[in-house]
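Q: Structure supplied as model35.json; contents: JSON, C-alpha atoms.
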[["chain", "number", "residue", "atom", "x", "y", "z"],
["E", 1, "MET", "CA", 47.47, 9.91, -16.07],
["E", 2, "LYS", "CA", 48.50, 9.10, -19.65],
["E", 3, "TYR", "CA", 47.67, 5.47, -18.92],
["E", 4, "ILE", "CA", 44.11, 6.05, -17.68],
["E", 5, "LYS", "CA", 42.57, 5.55, -21.14],
["E", 6, "TYR", "CA", 44.10, 2.08, -21.36],
["E", 7, "LEU", "CA", 42.68, 1.22, -17.96],
["E", 8, "ILE", "CA", 39.20, 2.30, -19.02],
["E", 9, "VAL", "CA", 39.30, 0.40, -22.33],
["E", 10, "GLY", "CA", 40.71, -2.62, -20.45],
["E", 11, "ILE", "CA", 37.79, -2.49, -18.02],
["E", 12, "LEU", "CA", 35.41, -2.34, -20.99],
["E", 13, "PHE", "CA", 37.20, -5.35, -22.53],
["E", 14, "GLY", "CA", 36.90, -7.33, -19.27],
["E", 15, "ILE", "CA", 33.20, -6.57, -18.98],
["E", 16, "ILE", "CA", 32.52, -7.51, -22.63],
["E", 17, "LEU", "CA", 34.45, -10.80, -22.36],
["E", 18, "SER", "CA", 32.58, -11.61, -19.13],
["E", 19, "LYS", "CA", 29.08, -10.72, -20.28],
["E", 20, "SER", "CA", 29.55, -12.47, -23.64],
["E", 21, "GLU", "CA", 30.64, -15.62, -21.73],
["E", 22, "ALA", "CA", 33.66, -15.84, -24.06],
["E", 23, "VAL", "CA", 35.76, -16.42, -20.91],
["E", 24, "SER", "CA", 33.76, -19.53, -20.02],
["E", 25, "TRP", "CA", 35.51, -22.90, -20.23],
["E", 26, "TYR", "CA", 32.13, -24.32, -21.33],
["E", 27, "ARG", "CA", 31.77, -21.92, -24.26],
["E", 28, "ILE", "CA", 35.21, -22.95, -25.58],
["E", 29, "PHE", "CA", 34.32, -26.64, -25.28],
["E", 30, "GLU", "CA", 30.98, -26.01, -27.00],
["E", 31, "MET", "CA", 32.71, -24.06, -29.79],
["E", 32, "PHE", "CA", 35.19, -26.85, -30.59],
["E", 33, "LYS", "CA", 32.27, -29.31, -30.56],
["E", 34, "PHE", "CA", 30.41, -27.11, -33.09],
["E", 35, "GLN", "CA", 27.35, -27.22, -30.84],
["E", 36, "SER", "CA", 26.52, -23.52, -30.79],
["E", 37, "PHE", "CA", 26.89, -20.50, -33.04],
["E", 38, "HIS", "CA", 27.59, -18.22, -30.06],
["E", 39, "MET", "CA", 31.43, -18.06, -30.15],
["E", 40, "TYR", "CA", 31.54, -18.06, -33.96],
["E", 41, "GLY", "CA", 29.09, -15.16, -33.93],
["E", 42, "ILE", "CA", 31.27, -13.19, -31.49],
["E", 43, "ILE", "CA", 34.59, -13.76, -33.27],
["E", 44, "GLY", "CA", 33.04, -13.57, -36.76],
["E", 45, "SER", "CA", 31.20, -10.28, -36.19],
["E", 46, "ALA", "CA", 34.23, -8.78, -34.40],
["E", 47, "VAL", "CA", 36.45, -9.63, -37.38],
["E", 48, "VAL", "CA", 34.02, -8.49, -40.11],
["E", 49, "ILE", "CA", 33.41, -5.15, -38.40],
["E", 50, "GLY", "CA", 37.12, -4.93, -37.54],
["E", 51, "VAL", "CA", 38.08, -5.30, -41.21],
["E", 52, "ILE", "CA", 35.64, -2.53, -42.16],
["E", 53, "ILE", "CA", 36.94, -0.23, -39.38],
["E", 54, "ILE", "CA", 40.60, -0.73, -40.35],
["E", 55, "GLN", "CA", 39.85, -0.19, -44.05],
["E", 56, "ILE", "CA", 38.02, 3.06, -43.29],
["E", 57, "MET", "CA", 40.83, 4.25, -41.01],
["E", 58, "LYS", "CA", 43.41, 3.54, -43.72],
["E", 59, "HIS", "CA", 41.42, 5.24, -46.47],
["E", 60, "MET", "CA", 40.77, 8.31, -44.31],
["E", 61, "GLY", "CA", 44.43, 8.40, -43.28],
["E", 62, "MET", "CA", 43.15, 8.75, -39.75],
["E", 63, "GLN", "CA", 45.61, 10.01, -37.16],
["E", 64, "SER", "CA", 46.03, 8.66, -33.65],
["E", 65, "ILE", "CA", 44.68, 10.44, -30.58],
["E", 66, "GLU", "CA", 48.11, 12.08, -30.23],
["E", 67, "GLY", "CA", 47.98, 13.34, -33.82],
["E", 68, "ALA", "CA", 50.59, 10.88, -35.08],
["E", 69, "GLU", "CA", 50.43, 8.55, -38.04],
["E", 70, "ILE", "CA", 48.88, 5.20, -37.14],
["E", 71, "LYS", "CA", 51.26, 2.34, -37.96],
["E", 72, "PHE", "CA", 49.49, -0.90, -38.78],
["E", 73, "VAL", "CA", 51.62, -3.84, -37.69],
["E", 74, "VAL", "CA", 52.57, -6.19, -40.52],
["E", 75, "LYS", "CA", 53.48, -9.68, -39.36],
["E", 76, "ASP", "CA", 56.53, -11.33, -40.92],
["E", 77, "MET", "CA", 55.42, -13.87, -43.50],
["E", 78, "GLY", "CA", 55.95, -17.51, -42.73],
["E", 79, "VAL", "CA", 54.02, -20.67, -42.04],
["E", 80, "THR", "CA", 55.89, -22.89, -39.59],
["E", 81, "ARG", "CA", 55.85, -20.72, -36.47],
["E", 82, "TYR", "CA", 52.24, -19.66, -36.94],
["E", 83, "LEU", "CA", 50.95, -23.15, -37.63],
["E", 84, "ILE", "CA", 52.93, -25.05, -34.97],
["E", 85, "GLY", "CA", 52.80, -22.28, -32.36],
["E", 86, "GLY", "CA", 49.11, -21.78, -33.08],
["E", 87, "THR", "CA", 48.43, -25.50, -32.70],
["E", 88, "ILE", "CA", 50.26, -25.63, -29.34],
["E", 89, "PHE", "CA", 48.26, -22.62, -28.14],
["E", 90, "GLY", "CA", 45.04, -24.22, -29.41],
["E", 91, "LEU", "CA", 45.75, -27.35, -27.36],
["E", 92, "GLY", "CA", 46.17, -25.22, -24.25],
["E", 93, "TRP", "CA", 43.18, -23.01, -25.04],
["E", 94, "ALA", "CA", 40.79, -25.96, -25.32],
["E", 95, "LEU", "CA", 42.30, -27.57, -22.20],
["E", 96, "SER", "CA", 42.28, -24.59, -19.83],
["E", 97, "GLY", "CA", 39.35, -22.89, -21.54],
["E", 98, "ALA", "CA", 41.08, -19.54, -21.43],
["E", 99, "CYS", "CA", 43.28, -17.48, -23.68],
["E", 100, "PRO", "CA", 45.67, -14.86, -22.26],
["E", 101, "GLY", "CA", 43.00, -12.13, -21.87],
["E", 102, "PRO", "CA", 40.30, -14.26, -20.21],
["E", 103, "MET", "CA", 42.68, -15.74, -17.62],
["E", 104, "PHE", "CA", 43.05, -12.27, -16.11],
["E", 105, "VAL", "CA", 39.33, -11.54, -16.44],
["E", 106, "LEU", "CA", 38.51, -14.80, -14.62],
["E", 107, "VAL", "CA", 40.82, -13.95, -11.71],
["E", 108, "GLY", "CA", 38.93, -10.64, -11.45],
["E", 109, "GLN", "CA", 35.69, -12.60, -11.42],
["E", 110, "GLY", "CA", 36.94, -14.45, -8.35],
["E", 111, "LEU", "CA", 37.94, -17.72, -10.03],
["E", 112, "THR", "CA", 41.33, -17.34, -8.39],
["E", 113, "SER", "CA", 42.74, -20.72, -9.43],
["E", 114, "PHE", "CA", 43.34, -19.10, -12.84],
["E", 115, "LEU", "CA", 46.33, -17.45, -11.15],
["E", 116, "VAL", "CA", 47.92, -20.90, -11.51],
["E", 117, "VAL", "CA", 47.18, -20.77, -15.27],
["E", 118, "ILE", "CA", 48.72, -17.27, -15.51],
["E", 119, "VAL", "CA", 51.93, -18.29, -13.72],
["E", 120, "SER", "CA", 52.10, -21.46, -15.87],
["E", 121, "ALA", "CA", 51.62, -19.36, -19.02],
["E", 122, "MET", "CA", 54.52, -17.13, -17.88],
["E", 123, "LEU", "CA", 56.57, -20.31, -17.43],
["E", 124, "GLY", "CA", 55.61, -21.45, -20.95],
["E", 125, "THR", "CA", 56.62, -18.05, -22.34],
["E", 126, "PHE", "CA", 59.93, -18.32, -20.49],
["E", 127, "LEU", "CA", 60.54, -21.83, -21.87],
["E", 128, "TYR", "CA", 59.95, -20.50, -25.39],
["E", 129, "GLY", "CA", 62.52, -17.77, -24.75],
["E", 130, "LEU", "CA", 65.06, -20.41, -23.73],
["E", 131, "VAL", "CA", 64.63, -22.71, -26.75],
["E", 132, "ARG", "CA", 63.51, -20.34, -29.51],
["E", 133, "ASP", "CA", 66.88, -20.37, -31.30],
["E", 134, "LYS", "CA", 66.55, -24.14, -31.74],
["E", 135, "LEU", "CA", 62.99, -24.02, -33.13],
["E", 136, "PRO", "CA", 61.99, -23.72, -36.80],
["E", 137, "HIS", "CA", 60.23, -20.38, -37.49],
["U", 1, "MET", "CA", 18.43, -0.92, -17.92],
["U", 2, "ILE", "CA", 20.65, -2.63, -15.33],
["U", 3, "GLU", "CA", 18.41, -5.70, -15.57],
["U", 4, "ILE", "CA", 18.98, -5.94, -19.32],
["U", 5, "ILE", "CA", 22.77, -5.48, -18.91],
["U", 6, "SER", "CA", 22.78, -8.14, -16.18],
["U", 7, "GLN", "CA", 21.61, -10.78, -18.65],
["U", 8, "PRO", "CA", 24.23, -12.59, -20.77],
["U", 9, "TRP", "CA", 24.97, -10.47, -23.86],
["U", 10, "PRO", "CA", 24.18, -12.00, -27.28],
["U", 11, "TRP", "CA", 26.98, -12.42, -29.84],
["U", 12, "TYR", "CA", 25.70, -9.57, -32.04],
["U", 13, "ILE", "CA", 26.24, -7.13, -29.15],
["U", 14, "SER", "CA", 29.51, -8.63, -27.84],
["U", 15, "GLY", "CA", 31.30, -9.06, -31.19],
["U", 16, "PRO", "CA", 30.85, -5.46, -32.36],
["U", 17, "LEU", "CA", 31.88, -4.19, -28.89],
["U", 18, "ILE", "CA", 35.14, -6.16, -29.20],
["U", 19, "SER", "CA", 35.66, -4.37, -32.55],
["U", 20, "LEU", "CA", 35.14, -1.10, -30.68],
["U", 21, "VAL", "CA", 37.91, -2.04, -28.22],
["U", 22, "MET", "CA", 40.19, -2.92, -31.14],
["U", 23, "PHE", "CA", 39.37, 0.43, -32.77],
["U", 24, "LEU", "CA", 40.06, 2.43, -29.60],
["U", 25, "MET", "CA", 43.43, 0.73, -29.06],
["U", 26, "THR", "CA", 44.36, 1.40, -32.71],
["U", 27, "TYR", "CA", 43.23, 5.02, -32.34],
["U", 28, "PHE", "CA", 45.48, 5.28, -29.27],
["U", 29, "GLY", "CA", 48.34, 4.24, -31.57],
["U", 30, "LYS", "CA", 48.65, 0.77, -30.02],
["U", 31, "LYS", "CA", 47.69, -2.75, -31.04],
["U", 32, "LEU", "CA", 45.25, -4.94, -29.16],
["U", 33, "GLY", "CA", 47.20, -8.05, -28.12],
["U", 34, "VAL", "CA", 47.22, -9.52, -24.63],
["U", 35, "SER", "CA", 49.76, -12.37, -24.78],
["U", 36, "SER", "CA", 52.81, -10.09, -25.09],
["U", 37, "ASN", "CA", 52.08, -9.09, -21.46],
["U", 38, "LEU", "CA", 53.24, -12.58, -20.44],
["U", 39, "LYS", "CA", 56.64, -11.82, -21.98],
["U", 40, "THR", "CA", 56.75, -8.43, -20.25],
["U", 41, "MET", "CA", 55.90, -10.07, -16.91],
["U", 42, "CYS", "CA", 58.73, -12.59, -17.44],
["U", 43, "THR", "CA", 61.16, -9.73, -18.05],
["U", 44, "ILE", "CA", 60.01, -7.92, -14.90],
["U", 45, "ALA", "CA", 60.44, -11.19, -12.98],
["U", 46, "GLY", "CA", 64.09, -11.31, -14.09],
["U", 47, "ALA", "CA", 64.00, -13.61, -17.16],
["U", 48, "ASP", "CA", 66.23, -11.13, -19.05],
["U", 49, "LYS", "CA", 69.15, -12.40, -16.97],
["U", 50, "LEU", "CA", 68.75, -15.89, -18.45],
["U", 51, "SER", "CA", 67.68, -15.30, -22.05],
["U", 52, "GLY", "CA", 68.29, -12.52, -24.55],
["U", 53, "PHE", "CA", 64.68, -12.90, -25.78],
["U", 54, "PHE", "CA", 63.55, -11.05, -22.66],
["U", 55, "LYS", "CA", 66.03, -8.18, -22.97],
["U", 56, "PHE", "CA", 63.91, -5.21, -23.98],
["U", 57, "ASP", "CA", 62.72, -2.00, -22.39],
["U", 58, "TRP", "CA", 59.60, -3.27, -20.66],
["U", 59, "LYS", "CA", 58.60, 0.26, -19.62],
["U", 60, "GLY", "CA", 57.41, 0.74, -23.21],
["U", 61, "GLN", "CA", 54.81, -1.95, -22.52],
["U", 62, "ILE", "CA", 53.30, -0.41, -19.38],
["U", 63, "TRP", "CA", 50.22, 0.66, -21.37],
["U", 64, "ASN", "CA", 49.51, -3.02, -22.14],
["U", 65, "LEU", "CA", 49.95, -4.08, -18.51],
["U", 66, "VAL", "CA", 47.52, -1.32, -17.52],
["U", 67, "PHE", "CA", 45.09, -2.59, -20.17],
["U", 68, "VAL", "CA", 45.19, -6.14, -18.77],
["U", 69, "LEU", "CA", 44.83, -4.81, -15.22],
["U", 70, "GLY", "CA", 41.70, -3.08, -16.51],
["U", 71, "ALA", "CA", 40.45, -6.38, -17.95],
["U", 72, "LEU", "CA", 40.86, -7.97, -14.52],
["U", 73, "ILE", "CA", 38.93, -5.10, -12.90],
["U", 74, "GLY", "CA", 36.31, -5.43, -15.65],
["U", 75, "GLY", "CA", 35.86, -9.09, -14.72],
["U", 76, "PHE", "CA", 35.32, -8.08, -11.10],
["U", 77, "ILE", "CA", 32.78, -5.37, -12.00],
["U", 78, "ALA", "CA", 30.90, -7.69, -14.37],
["U", 79, "ARG", "CA", 30.68, -10.43, -11.77],
["U", 80, "GLN", "CA", 29.86, -8.25, -8.75],
["U", 81, "TYR", "CA", 27.52, -5.68, -10.24],
["U", 82, "LEU", "CA", 26.36, -6.83, -13.68],
["U", 83, "THR", "CA", 25.55, -10.51, -13.17],
["U", 84, "THR", "CA", 22.55, -11.92, -11.35],
["U", 85, "ASP", "CA", 23.05, -15.53, -12.42],
["U", 86, "PRO", "CA", 26.54, -16.85, -13.34],
["U", 87, "SER", "CA", 25.23, -19.97, -15.10],
["U", 88, "VAL", "CA", 26.15, -20.35, -18.78],
["U", 89, "ALA", "CA", 23.37, -21.40, -21.17],
["U", 90, "ILE", "CA", 25.33, -23.96, -23.18],
["U", 91, "SER", "CA", 23.45, -26.21, -25.58],
["U", 92, "PRO", "CA", 21.73, -29.42, -24.38],
["U", 93, "GLU", "CA", 24.10, -31.49, -26.54],
["U", 94, "THR", "CA", 27.09, -29.91, -24.79],
["U", 95, "ILE", "CA", 25.62, -30.62, -21.35],
["U", 96, "ARG", "CA", 24.98, -34.22, -22.42],
["U", 97, "ASP", "CA", 28.55, -34.66, -23.70],
["U", 98, "LEU", "CA", 30.04, -33.14, -20.54],
["U", 99, "THR", "CA", 27.85, -35.27, -18.28],
["U", 100, "ALA", "CA", 29.14, -38.33, -20.13],
["U", 101, "LEU", "CA", 32.68, -37.09, -19.39],
["U", 102, "GLY", "CA", 31.88, -36.90, -15.68],
["U", 103, "ILE", "CA", 31.18, -33.16, -15.33],
["U", 104, "SER", "CA", 27.83, -33.23, -13.54],
["U", 105, "ASP", "CA", 27.25, -29.48, -13.03],
["U", 106, "ALA", "CA", 27.93, -28.42, -16.63],
["U", 107, "GLY", "CA", 27.08, -24.74, -17.16],
["U", 108, "ALA", "CA", 26.45, -23.97, -13.48],
["U", 109, "ASP", "CA", 29.26, -21.39, -13.49],
["U", 110, "TYR", "CA", 31.85, -20.03, -15.94],
["U", 111, "ALA", "CA", 34.22, -22.96, -15.33],
["U", 112, "PRO", "CA", 33.70, -26.43, -13.82],
["U", 113, "ASN", "CA", 34.36, -26.45, -10.09],
["U", 114, "SER", "CA", 35.41, -30.11, -10.33],
["U", 115, "ILE", "CA", 38.53, -28.91, -12.18],
["U", 116, "PHE", "CA", 39.08, -25.28, -11.15],
["U", 117, "GLY", "CA", 38.02, -25.40, -7.50],
["U", 118, "TRP", "CA", 41.15, -24.97, -5.35],
["U", 119, "GLU", "CA", 40.57, -28.38, -3.72],
["U", 120, "ASN", "CA", 40.92, -29.94, -7.18],
["U", 121, "VAL", "CA", 43.91, -27.96, -8.41],
["U", 122, "LEU", "CA", 46.45, -30.30, -6.82],
["U", 123, "SER", "CA", 44.97, -33.45, -8.38],
["U", 124, "LEU", "CA", 46.57, -35.01, -11.48],
["U", 125, "ARG", "CA", 43.68, -33.68, -13.57],
["U", 126, "GLY", "CA", 44.03, -30.20, -12.10],
["U", 127, "PHE", "CA", 47.77, -30.27, -12.76],
["U", 128, "ILE", "CA", 47.28, -31.15, -16.43],
["U", 129, "VAL", "CA", 44.47, -28.67, -17.08],
["U", 130, "LEU", "CA", 45.84, -25.66, -15.20],
["U", 131, "ILE", "CA", 49.62, -26.09, -15.33],
["U", 132, "LEU", "CA", 50.26, -28.01, -18.58],
["U", 133, "GLY", "CA", 47.43, -26.05, -20.22],
["U", 134, "GLY", "CA", 48.95, -22.77, -19.06],
["U", 135, "ILE", "CA", 52.43, -23.74, -20.25],
["U", 136, "MET", "CA", 51.09, -24.61, -23.72],
["U", 137, "ILE", "CA", 49.21, -21.28, -23.87],
["U", 138, "GLY", "CA", 52.34, -19.32, -22.95],
["U", 139, "PHE", "CA", 54.70, -21.31, -25.18],
["U", 140, "GLY", "CA", 52.28, -21.45, -28.12],
["U", 141, "THR", "CA", 51.31, -17.78, -28.14],
["U", 142, "ARG", "CA", 54.93, -16.61, -28.13],
["U", 143, "TYR", "CA", 55.95, -19.17, -30.77],
["U", 144, "ALA", "CA", 52.99, -18.05, -32.92],
["U", 145, "ASP", "CA", 53.63, -14.38, -32.03],
["U", 146, "GLY", "CA", 50.10, -13.74, -30.79],
["U", 147, "CYS", "CA", 46.90, -15.11, -29.31],
["U", 148, "THR", "CA", 43.17, -14.75, -29.92],
["U", 149, "SER", "CA", 43.25, -10.97, -29.52],
["U", 150, "GLY", "CA", 46.48, -10.31, -31.44],
["U", 151, "HIS", "CA", 45.90, -12.71, -34.33],
["U", 152, "ALA", "CA", 42.17, -13.51, -34.53],
["U", 153, "ILE", "CA", 40.96, -9.95, -33.81],
["U", 154, "SER", "CA", 43.76, -7.47, -34.61],
["U", 155, "GLY", "CA", 45.55, -9.55, -37.24],
["U", 156, "LEU", "CA", 42.53, -10.73, -39.21],
["U", 157, "SER", "CA", 41.01, -7.22, -39.03],
["U", 158, "ASN", "CA", 44.16, -5.99, -40.77],
["U", 159, "LEU", "CA", 43.93, -8.87, -43.29],
["U", 160, "GLN", "CA", 47.22, -10.45, -42.19],
["U", 161, "LEU", "CA", 47.78, -13.84, -43.81],
["U", 162, "PRO", "CA", 50.10, -15.01, -40.97],
["U", 163, "SER", "CA", 47.24, -14.39, -38.55],
["U", 164, "LEU", "CA", 44.92, -16.56, -40.63],
["U", 165, "ILE", "CA", 47.53, -19.36, -40.54],
["U", 166, "ALA", "CA", 47.82, -18.93, -36.76],
["U", 167, "VAL", "CA", 44.02, -19.07, -36.32],
["U", 168, "ILE", "CA", 43.92, -22.28, -38.40],
["U", 169, "GLY", "CA", 46.55, -23.61, -35.97],
["U", 170, "PHE", "CA", 44.41, -22.55, -32.99],
["U", 171, "PHE", "CA", 41.60, -24.67, -34.39],
["U", 172, "ILE", "CA", 43.75, -27.68, -35.23],
["U", 173, "GLY", "CA", 45.02, -27.72, -31.63],
["U", 174, "GLY", "CA", 41.60, -27.01, -30.13],
["U", 175, "LEU", "CA", 39.87, -29.74, -32.11],
["U", 176, "ILE", "CA", 42.54, -32.33, -31.25],
["U", 177, "MET", "CA", 42.27, -31.44, -27.57],
["U", 178, "THR", "CA", 38.48, -31.32, -27.32],
["U", 179, "HIS", "CA", 37.75, -34.43, -29.39],
["U", 180, "PHE", "CA", 40.67, -36.75, -28.60],
["U", 181, "LEU", "CA", 42.71, -35.70, -25.56],
["U", 182, "LEU", "CA", 40.22, -34.06, -23.20],
["U", 183, "PRO", "CA", 38.08, -37.24, -22.84],
["U", 184, "ILE", "CA", 41.21, -39.07, -21.67],
["U", 185, "ILE", "CA", 42.35, -36.27, -19.34],
["U", 186, "LEU", "CA", 38.88, -35.90, -17.76],
["U", 187, "SER", "CA", 38.79, -39.63, -17.02],
["U", 188, "LEU", "CA", 41.96, -39.41, -14.87]]
Turn this file's structure into structure tokens for me.
A:
Amino acid sequence: MKYIKYLIVGILFGIILSKSEAVSWYRIFEMFKFQSFHMYGIIGSAVVIGVIIIQIMKHMGMQSIEGAEIKFVVKDMGVTRYLIGGTIFGLGWALSGACPGPMFVLVGQGLTSFLVVIVSAMLGTFLYGLVRDKLPH
Amino acid sequence: MIEIISQPWPWYISGPLISLVMFLMTYFGKKLGVSSNLKTMCTIAGADKLSGFFKFDWKGQIWNLVFVLGALIGGFIARQYLTTDPSVAISPETIRDLTALGISDAGADYAPNSIFGWENVLSLRGFIVLILGGIMIGFGTRYADGCTSGHAISGLSNLQLPSLIAVIGFFIGGLIMTHFLLPIILSL
């Protein structure tokens, strides 16, 4: 039962990504062609409001639902891994039209060939695990 | 009410709702980030026997697997009960560009059937888009330590400079693919 809240928020996330059309291959293509404000509006407003929310939570010293201190994850500083890894992901994102969240949402929508994308993404993750010690980070 | 919800949602509704999801996950003491589930799924599939990268207690990630299961169910609910017309109202310029690339039914559904229909998956084009695309997504997100949700939403919301660098990378890769590589791939 302790997992039910994650299921509910996940369902909400799937509905939002579907109804916003952010899971559409066409919307990703259109975004990288700069032919519509739609995706920039979604990501931009989510980030601006997100920044405000996180700042308020920090200033209030807000506790988690379980009454514990909320730890905000700080990413290790660096450039190489974020820039190269990000570029490789960007190539795949614009090709398949889906990032890791949307590929699951699309399977739920009935576009079942995205199962192939999910399994391939697992394979890509596995390949990274095999060669990560040889890569610059 | 249901008729209004069944229309596509504008960005100024969708964006703030994504912030709400990010807030709820943070309030639950977790971090919104979907791509780490791919690593967890590799571990469950036995990848920990071949690489130390996958040796971790995956049971601590069950909450995230449940979240992504919810996202899948959310996609089903949205499609079955909250959508009357699955066409996507992309701009006329986008339709024109896609028609020139040989996609005749641009915007008719969430993804082009000429690529993602099962009968097209086993073609060379289907192989590149679904399998090579998927591999790059999986490899790239783990290399960059996050995807659109983890970096662009959670990371930027927490003013993380590494996330900004990653998002710049997302766009470098996306622009190269859309403007230079995709026209070649779609002509195969």
Q: Take CA of Ile54 in chain E and CA of Ile16 in chain E and report the distance between them in Å, one decimal.
A: 20.6 Å
Q: Hey, what's within 8 Å of Ile11 in chain E if we count all atoms listed in the file and toss same-chain stuff fewer than 4 positions away? As a PyMOL selection string, please?
A: (chain E and resi 7+15) or (chain U and resi 67+69-75)
Q: Let me make sure I understand: among U:Tyr110, U:Phe139, U:Phe180, U:Phe53, which one has the smallest atom-to-atom distance to Glu21 in chain E if we use all atoms listed in the file?
A: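 Smallest distance to Glu21 in chain E is found for U:Tyr110.
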Q: Listed atoms of range 82-97 of chain U, axis-aligned box, 5 Å per side: centre and edge lengths to one decimal in Å, as AutoDock Vina command-line options?
A:
--center_x 25.1 --center_y -20.7 --center_z -18.9 --size_x 16.8 --size_y 37.8 --size_z 25.2
Q: Using only C-alpha atoms, determine which residues lie at most 12 Å from Ile184 in chain U, disregarding the query and same-chain residues fewer than 3 positions distant; provide the list as a list in words.
A: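 The contact residues come out as Leu95 of chain E; Leu101, Gly102, Arg125, Ile128, Val129, Ile176, Met177, Thr178, His179, Phe180, Leu181, Ser187 and Leu188 of chain U.
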Q: If you count all atoms listed in the file, which residues fall within 8 Å of Ser87 in chain U, apart from same-chain ones fewer than 5 positions away, as a PDB file with C-alpha atoms, in the frame of the given file?
A:
ATOM      1  CA  GLY U 107      27.080 -24.740 -17.160  1.00  0.00           C
ATOM      2  CA  ALA U 108      26.450 -23.970 -13.480  1.00  0.00           C
ATOM      3  CA  ASP U 109      29.260 -21.390 -13.490  1.00  0.00           C
ATOM      4  CA  TYR U 110      31.850 -20.030 -15.940  1.00  0.00           C
TER       5      TYR U 110
END
Q: As a CSV table (one decimal), in the coordinates of the input, please: range 53-66 of chain U completed to N, CA, C and O atoms.
A:
chain,number,residue,atom,x,y,z
U,53,PHE,N,66.0,-13.1,-25.3
U,53,PHE,CA,64.7,-12.9,-25.8
U,53,PHE,C,63.9,-11.9,-24.9
U,53,PHE,O,63.1,-11.2,-25.4
U,54,PHE,N,64.3,-11.9,-23.6
U,54,PHE,CA,63.6,-11.0,-22.7
U,54,PHE,C,64.2,-9.7,-22.4
U,54,PHE,O,63.8,-9.0,-21.5
U,55,LYS,N,65.3,-9.5,-23.1
U,55,LYS,CA,66.0,-8.2,-23.0
U,55,LYS,C,65.4,-7.1,-23.8
U,55,LYS,O,65.6,-7.0,-25.0
U,56,PHE,N,64.5,-6.3,-23.3
U,56,PHE,CA,63.9,-5.2,-24.0
U,56,PHE,C,63.4,-4.2,-22.9
U,56,PHE,O,63.3,-4.6,-21.7
U,57,ASP,N,63.1,-3.0,-23.3
U,57,ASP,CA,62.7,-2.0,-22.4
U,57,ASP,C,61.2,-2.2,-22.1
U,57,ASP,O,60.4,-1.7,-22.8
U,58,TRP,N,61.0,-2.9,-21.0
U,58,TRP,CA,59.6,-3.3,-20.7
U,58,TRP,C,58.7,-2.1,-20.3
U,58,TRP,O,57.5,-2.1,-20.4
U,59,LYS,N,59.4,-0.9,-20.0
U,59,LYS,CA,58.6,0.3,-19.6
U,59,LYS,C,57.7,0.7,-20.8
U,59,LYS,O,56.7,1.4,-20.6
U,60,GLY,N,58.2,0.4,-22.0
U,60,GLY,CA,57.4,0.7,-23.2
U,60,GLY,C,56.1,-0.1,-23.4
U,60,GLY,O,55.3,0.2,-24.2
U,61,GLN,N,56.0,-1.1,-22.5
U,61,GLN,CA,54.8,-2.0,-22.5
U,61,GLN,C,53.9,-1.7,-21.3
U,61,GLN,O,52.9,-2.5,-21.1
U,62,ILE,N,54.1,-0.7,-20.6
U,62,ILE,CA,53.3,-0.4,-19.4
U,62,ILE,C,51.8,-0.2,-19.8
U,62,ILE,O,50.9,-0.7,-19.1
U,63,TRP,N,51.6,0.4,-20.9
U,63,TRP,CA,50.2,0.7,-21.4
U,63,TRP,C,49.5,-0.7,-21.5
U,63,TRP,O,48.3,-0.7,-21.2
U,64,ASN,N,50.2,-1.7,-21.9
U,64,ASN,CA,49.5,-3.0,-22.1
U,64,ASN,C,49.2,-3.7,-20.8
U,64,ASN,O,48.2,-4.3,-20.6
U,65,LEU,N,50.2,-3.5,-19.9
U,65,LEU,CA,50.0,-4.1,-18.5
U,65,LEU,C,48.8,-3.4,-17.9
U,65,LEU,O,48.0,-4.0,-17.2
U,66,VAL,N,48.7,-2.1,-18.1
U,66,VAL,CA,47.5,-1.3,-17.5
U,66,VAL,C,46.2,-1.8,-18.2
U,66,VAL,O,45.2,-2.0,-17.5
